[in-house]
Structures are given as structure tokens and as C-alpha cells.
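Chemist: Sending over query.pdb (PDB, C-alpha atoms).
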ATOM      1  CA  MET J 252       0.000   0.000   0.000
ATOM      2  CA  THR J 253       1.337   3.426  -0.892
ATOM      3  CA  LEU J 254       0.223   6.806   0.293
ATOM      4  CA  ASP J 255       0.743  10.066  -1.500
ATOM      5  CA  ALA J 256       1.502  12.483   1.351
ATOM      6  CA  THR J 257       1.041  15.525  -0.884
ATOM      7  CA  SER J 258      -2.674  14.790  -1.290
ATOM      8  CA  ILE J 259      -3.337  14.945   2.459
ATOM      9  CA  PRO J 260      -4.653  18.355   3.515
ATOM     10  CA  PRO J 261      -2.916  20.002   6.462
ATOM     11  CA  PHE J 262      -5.005  19.347   9.540
ATOM     12  CA  SER J 263      -3.811  19.564  13.084
ATOM     13  CA  TRP J 264      -5.939  17.489  15.403
ATOM     14  CA  ARG J 265      -5.391  17.961  19.097
ATOM     15  CA  PHE J 266      -6.604  15.829  21.924
ATOM     16  CA  PRO J 267      -9.593  17.567  23.548
ATOM     17  CA  PRO J 268      -8.556  18.179  27.163
ATOM     18  CA  TYR J 269     -12.148  18.378  28.384
ATOM     19  CA  SER J 270     -12.541  14.651  27.680
ATOM     20  CA  LEU J 271     -10.206  13.897  30.581
ATOM     21  CA  LEU J 272     -12.898  15.203  32.935
ATOM     22  CA  ASP J 273     -15.094  12.236  31.988
ATOM     23  CA  SER J 274     -14.171   9.267  34.206
ATOM     24  CA  VAL J 275     -15.950   6.781  31.928
ATOM     25  CA  PHE J 276     -13.898   7.985  28.963
ATOM     26  CA  GLN J 277     -10.712   7.746  31.039
ATOM     27  CA  GLU J 278     -11.461   4.107  31.841
ATOM     28  CA  GLU J 279     -12.301   3.285  28.210
ATOM     29  CA  LEU J 280      -9.127   4.989  26.992
ATOM     30  CA  ALA J 281      -6.960   3.209  29.579
ATOM     31  CA  LYS J 282      -8.444  -0.153  28.545
ATOM     32  CA  ALA J 283      -7.920   0.614  24.852
ATOM     33  CA  MET J 284      -4.314   1.644  25.515
ATOM     34  CA  LYS J 285      -3.655  -1.554  27.451
ATOM     35  CA  ASP J 286      -5.205  -3.664  24.689
ATOM     36  CA  PHE J 287      -3.242  -1.847  21.981
ATOM     37  CA  PHE J 288       0.118  -2.356  23.654
ATOM     38  CA  GLN J 289      -0.666  -6.019  24.455
ATOM     39  CA  ILE J 290      -1.504  -6.664  20.806
ATOM     40  CA  ASN J 291       1.622  -4.877  19.573
ATOM     41  CA  LYS J 292       3.977  -6.223  22.242
ATOM     42  CA  GLY J 293       5.972  -8.504  19.940
ATOM     43  CA  SER J 294       5.579  -6.383  16.827
ATOM     44  CA  VAL J 295       8.343  -6.379  14.240
ATOM     45  CA  ALA J 296       7.560  -2.752  13.362
ATOM     46  CA  SER J 297       9.808   0.013  14.609
ATOM     47  CA  VAL J 298       8.988   1.816  17.827
ATOM     48  CA  GLY J 299       8.232   4.980  15.851
ATOM     49  CA  ASP J 300       5.710   3.161  13.660
ATOM     50  CA  VAL J 301       4.010   1.637  16.693
ATOM     51  CA  LEU J 302       3.769   5.031  18.399
ATOM     52  CA  GLU J 303       2.384   6.694  15.262
ATOM     53  CA  THR J 304      -0.163   3.884  14.968
ATOM     54  CA  PHE J 305      -1.025   4.362  18.627
ATOM     55  CA  LYS J 306      -1.671   8.086  18.050
ATOM     56  CA  VAL J 307      -3.998   7.287  15.162
ATOM     57  CA  TYR J 308      -5.747   4.594  17.226
ATOM     58  CA  THR J 309      -6.216   6.955  20.176
ATOM     59  CA  ARG J 310      -7.481   9.697  17.887
ATOM     60  CA  GLY J 311     -10.043   7.317  16.382
ATOM     61  CA  ILE J 312     -11.288   6.240  19.812
ATOM     62  CA  THR J 313     -11.575   9.852  20.970
ATOM     63  CA  ILE J 314     -13.385  11.061  17.871
ATOM     64  CA  ALA J 315     -15.765   8.084  17.926
ATOM     65  CA  LYS J 316     -16.550   8.617  21.611
ATOM     66  CA  HIS J 317     -17.307  12.309  21.215
ATOM     67  CA  ALA J 318     -19.336  11.762  18.053
ATOM     68  CA  GLY J 319     -21.306   9.053  19.852
ATOM     69  CA  VAL J 320     -22.024  11.328  22.807
ATOM     70  CA  PHE J 321     -23.249  14.167  20.603
ATOM     71  CA  LYS J 322     -25.304  11.798  18.460
ATOM     72  CA  SER J 323     -26.947  10.126  21.467
ATOM     73  CA  ILE J 324     -27.847  13.470  23.051
ATOM     74  CA  ARG J 325     -29.323  14.797  19.800
ATOM     75  CA  GLY J 326     -31.228  11.557  19.275
ATOM     76  CA  ARG J 327     -32.611  11.723  22.802
ATOM     77  CA  LEU J 328     -33.693  15.337  22.274
ATOM     78  CA  TRP J 329     -35.450  14.425  19.032
ATOM     79  CA  LEU J 330     -37.264  11.533  20.737
ATOM     80  CA  LEU J 331     -38.304  13.719  23.674
ATOM     81  CA  LYS J 332     -39.665  16.376  21.287
ATOM     82  CA  ARG J 333     -41.847  13.768  19.600
ATOM     83  CA  GLU J 334     -43.066  12.402  22.945
ATOM     84  CA  LEU J 335     -43.837  15.919  24.189
ATOM     85  CA  ALA J 336     -45.800  16.710  21.033
ATOM     86  CA  GLN J 337     -47.824  13.518  21.472
ATOM     87  CA  LEU J 338     -48.477  14.238  25.160
ATOM     88  CA  GLU J 339     -49.552  17.803  24.330
ATOM     89  CA  GLN J 340     -51.996  16.467  21.767
ATOM     90  CA  ASP J 341     -53.324  13.895  24.260
ATOM     91  CA  HIS J 342     -53.730  16.549  26.932
ATOM     92  CA  TRP J 343     -55.519  18.834  24.474
ATOM     93  CA  ASN J 344     -57.988  16.040  23.662
ATOM     94  CA  THR J 345     -58.535  14.663  27.180
ATOM     95  CA  GLU J 346     -57.497  17.498  29.544
ATOM     96  CA  ASP J 347     -56.371  14.793  31.979
ATOM     97  CA  ASN J 348     -54.154  15.719  34.949
ATOM     98  CA  GLN J 349     -52.229  12.454  34.623
ATOM     99  CA  THR J 350     -51.245  13.376  31.062
ATOM    100  CA  LEU J 351     -50.243  16.826  32.279
ATOM    101  CA  GLY J 352     -47.989  15.215  34.930
ATOM    102  CA  LYS J 353     -46.346  13.000  32.297
ATOM    103  CA  MET J 354     -45.879  16.014  30.059
ATOM    104  CA  HIS J 355     -44.260  17.944  32.910
ATOM    105  CA  ALA J 356     -41.876  15.034  33.648
ATOM    106  CA  LYS J 357     -40.911  14.771  29.955
ATOM    107  CA  LEU J 358     -40.375  18.525  29.807
ATOM    108  CA  LEU J 359     -37.979  18.356  32.765
ATOM    109  CA  GLU J 360     -36.134  15.465  31.109
ATOM    110  CA  PHE J 361     -35.949  17.480  27.883
ATOM    111  CA  GLN J 362     -34.492  20.459  29.761
ATOM    112  CA  ASP J 363     -31.871  18.258  31.452
ATOM    113  CA  THR J 364     -30.876  16.686  28.138
ATOM    114  CA  ALA J 365     -30.696  20.082  26.433
ATOM    115  CA  LEU J 366     -28.526  21.340  29.290
ATOM    116  CA  ALA J 367     -26.194  18.359  28.813
ATOM    117  CA  GLU J 368     -25.895  19.219  25.124
ATOM    118  CA  ILE J 369     -25.159  22.851  25.936
ATOM    119  CA  GLN J 370     -22.497  21.819  28.450
ATOM    120  CA  ASN J 371     -20.818  19.526  25.908
ATOM    121  CA  LEU J 372     -20.869  22.259  23.280
ATOM    122  CA  GLY J 373     -19.495  24.710  25.848
ATOM    123  CA  LYS J 374     -16.584  22.381  26.612
ATOM    124  CA  TYR J 375     -15.839  22.051  22.907
ATOM    125  CA  THR J 376     -16.102  25.791  22.316
ATOM    126  CA  THR J 377     -13.843  26.587  25.279
ATOM    127  CA  SER J 378     -11.288  24.111  23.992
ATOM    128  CA  GLN J 379     -11.432  25.697  20.535
ATOM    129  CA  ALA J 380     -11.014  29.181  22.023
ATOM    130  CA  TYR J 381      -7.909  28.127  23.947
ATOM    131  CA  ARG J 382      -6.523  26.456  20.841
ATOM    132  CA  GLU J 383      -7.192  29.404  18.543
ATOM    133  CA  GLY J 384      -6.074  32.076  20.978
ATOM    134  CA  GLU J 385      -7.083  35.645  20.324
ATOM    135  CA  ARG J 386      -6.919  35.396  16.549
ATOM    136  CA  PRO J 387      -9.962  36.900  14.885
ATOM    137  CA  GLY J 388     -12.002  34.677  12.648
ATOM    138  CA  SER J 389     -12.120  35.314   8.924
ATOM    139  CA  VAL J 390     -15.629  36.771   9.166
ATOM    140  CA  LEU J 391     -14.585  39.283  11.811
ATOM    141  CA  ALA J 392     -11.352  40.115   9.995
ATOM    142  CA  ASN J 393     -13.295  40.898   6.822
ATOM    143  CA  LEU J 394     -15.861  43.031   8.642
ATOM    144  CA  ILE J 395     -13.384  45.296  10.380
ATOM    145  CA  PRO J 396     -11.643  47.640   7.952
ATOM    146  CA  PRO J 397      -7.943  48.077   8.511
ATOM    147  CA  ASN J 398      -7.319  50.972  10.846
ATOM    148  CA  ARG J 399      -4.676  52.795   8.843
ATOM    149  CA  GLU J 400      -3.835  56.436   8.859
ATOM    150  CA  LYS J 401      -2.663  58.138   5.738
ATOM    151  CA  SER J 402       1.098  58.130   5.621
ATOM    152  CA  ILE J 403       1.802  61.159   3.499
ATOM    153  CA  ILE J 404       5.171  62.817   3.981
ATOM    154  CA  ILE J 405       4.517  66.522   4.304
ATOM    155  CA  ALA J 406       8.033  67.697   4.986
ATOM    156  CA  VAL J 407      11.591  66.384   5.141
ATOM    157  CA  GLN J 408      14.354  67.828   7.235
ATOM    158  CA  ALA J 409      17.426  68.205   4.994
ATOM    159  CA  GLU J 410      20.851  68.554   6.528
ATOM    160  CA  ASP J 411      22.115  71.295   4.214
ATOM    161  CA  SER J 412      19.029  73.265   3.165
ATOM    162  CA  GLY J 413      16.695  72.992   6.157
ATOM    163  CA  GLU J 414      13.119  71.802   5.761
ATOM    164  CA  LEU J 415      11.761  70.744   2.338
ATOM    165  CA  ARG J 416       8.003  71.022   1.707
ATOM    166  CA  ASP J 417       7.792  70.752  -2.083
ATOM    167  CA  PRO J 418       6.827  67.156  -3.066
ATOM    168  CA  GLU J 419       9.141  67.178  -6.097
ATOM    169  CA  LEU J 420      12.094  68.305  -3.968
ATOM    170  CA  ILE J 421      11.269  65.627  -1.370
ATOM    171  CA  VAL J 422      11.254  62.907  -4.053
ATOM    172  CA  ALA J 423      14.505  64.253  -5.504
ATOM    173  CA  ARG J 424      16.121  64.253  -2.038
ATOM    174  CA  PHE J 425      15.015  60.615  -1.476
ATOM    175  CA  CYS J 426      16.442  59.643  -4.860
ATOM    176  CA  GLU J 427      19.758  61.302  -4.004
ATOM    177  CA  TYR J 428      19.885  59.620  -0.608
ATOM    178  CA  TYR J 429      19.020  56.093  -1.756
TER     179      TYR J 429
END
For the structure just supplied, provide its representation as C-alpha cells.
Modeler:
Amino acid sequence: MTLDATSIPPFSWRFPPYSLLDSVFQEELAKAMKDFFQINKGSVASVGDVLETFKVYTRGITIAKHAGVFKSIRGRLWLLKRELAQLEQDHWNTEDNQTLGKMHAKLLEFQDTALAEIQNLGKYTTSQAYREGERPGSVLANLIPPNREKSIIIAVQAEDSGELRDPELIVARFCEYY
């Protein structure tokens, strides 16, 4: 198998530090690391190749875990929206207090799940902000015009003849100097 390295776009992936706050993820990652090194214990590949493979393996586990978390939260929110819509319709038809209680419980569950999604997005956004630093985004950079003052030379102090204010004399003096 050959790989043309020139066709790979430049992309710098960094391990998301907020994932280390999740104890379940820590345990899964530790188990995956242990399994990886047990499998590759007697490998004939160089140490550098094994470590590069390990980085790719760890990256895949991390990306899959985070994608799974976001997907499960969004799926749960979608399901709760459908259940709430059905309960609202049932309550509209029956005006039953039991249905209202179920609807209230589902609404609280929806709020908790939405809060979990917001917290996950906040962790990701904070991580991105630390990674990017204070660089403005391309949208902001294009909206703000460059704050430049006009740099017109009005006068030049000449050593022999004093101050020059005529633009042609200034250009001639620069040409003589340089």
C-alpha cells in the first residue's frame, strides 16, 4: 500500500482536554491503551511506527466517543420532542391531569438533556477558544476595515538646506539619498 503524502490536507488534530474530565472515557481509553500495547507487544515494526499507529488509534477512539455522545444526546432530544408533542396532543384532547404530569416530567427530562448538550458544546467551544487564541475569525477580519492612517510625507528635514516642503524636492532628495 502506498500513500501520497502531498494529497493529504494540512489538519492539526489535538486531543480535547475536556474529555479527561469524563471518568468513563478515562477508563475506556486506559483499557484501549492496554489492549493496543498487548496486541503490539511482539511487533516487528519500529517503535516509531508503533507510536504513530497508537496516536492514530487513540485519535479514532476519541473522535468516535465524542461523536457518539453528541449523536446520542441529539437523538434523545429528538425523541423527547416527539413524545412531548404527542403528550400535548393527548392533553388537548382529554385534559387529563395524569397526562399533564407526564408532560411535565418529559419537559424536565428534555431540559436536562438540552442542558447536557449545551455543556458539551461549551466544553468544545472553550477548547477551541484556547486552541485558537485571540486570533480573529475570517468573518470578523473581513468586517473590520484596517485601521490605517494616511502616511503622506509633508516635509523632510534636509541637513544642508533645512526643511523641504515641495513634493518634487522631497522625491529628488530621497532619490539622491538612496
Chemist: Can you work out which one of J:Thr304, J:Lys316, J:Ser297, J:Gly326 has the shortest atom-to-atom distance to Leu280 (chain J), counting all atoms listed in the file?
Modeler: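 Residue with the minimum atom-to-atom distance to Leu280 (chain J): J:Lys316.
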Chemist: List the spatial neighbours of Thr313 (chain J) as a ChimeraX atom specification - criterion: any atom at most 12 Å away, only C-alpha atoms, same-chain residues fewer than 4 positions off excluded.
Modeler: /J:264-271,273,276-277,279-281,283-284,306-309,317-320
Chemist: Using Å and a single decimal, report how far CA of Ala423 (chain J) sits from CA of Val407 (chain J).
Modeler: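 Going from CA of Val407 (chain J) over to CA of Ala423 (chain J), I get 11.2 Å.
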Chemist: Between CA of Ser323 (chain J) and CA of Asp286 (chain J), what distance in Å does the model show, to one decimal?
Modeler: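 Atom-to-atom, CA of Ser323 (chain J) and CA of Asp286 (chain J) are spaced 25.9 Å apart.
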Chemist: Quick one: pull the distance between CA of Arg327 (chain J) and CA of Gln362 (chain J), Å, one decimal.
Modeler: 11.3 Å
Chemist: Can you translate the PyMOL selection byres ((chain J and resi 325) around 12) into the concrete residues it hits in this file, as number ranges by chain?
Modeler: J: 318-324, 326-332, 361, 364-369, 371-372
Chemist: Evaluate the PyMOL selection byres ((chain J and resi 404) around 9) here and jot the selected residues down as a list in words.
Modeler: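 After applying the PyMOL selection byres ((chain J and resi 404) around 9), what remains is Ser402, Ile403, Ile405, Ala406, Val407, Arg416, Pro418 and Ile421 of chain J.
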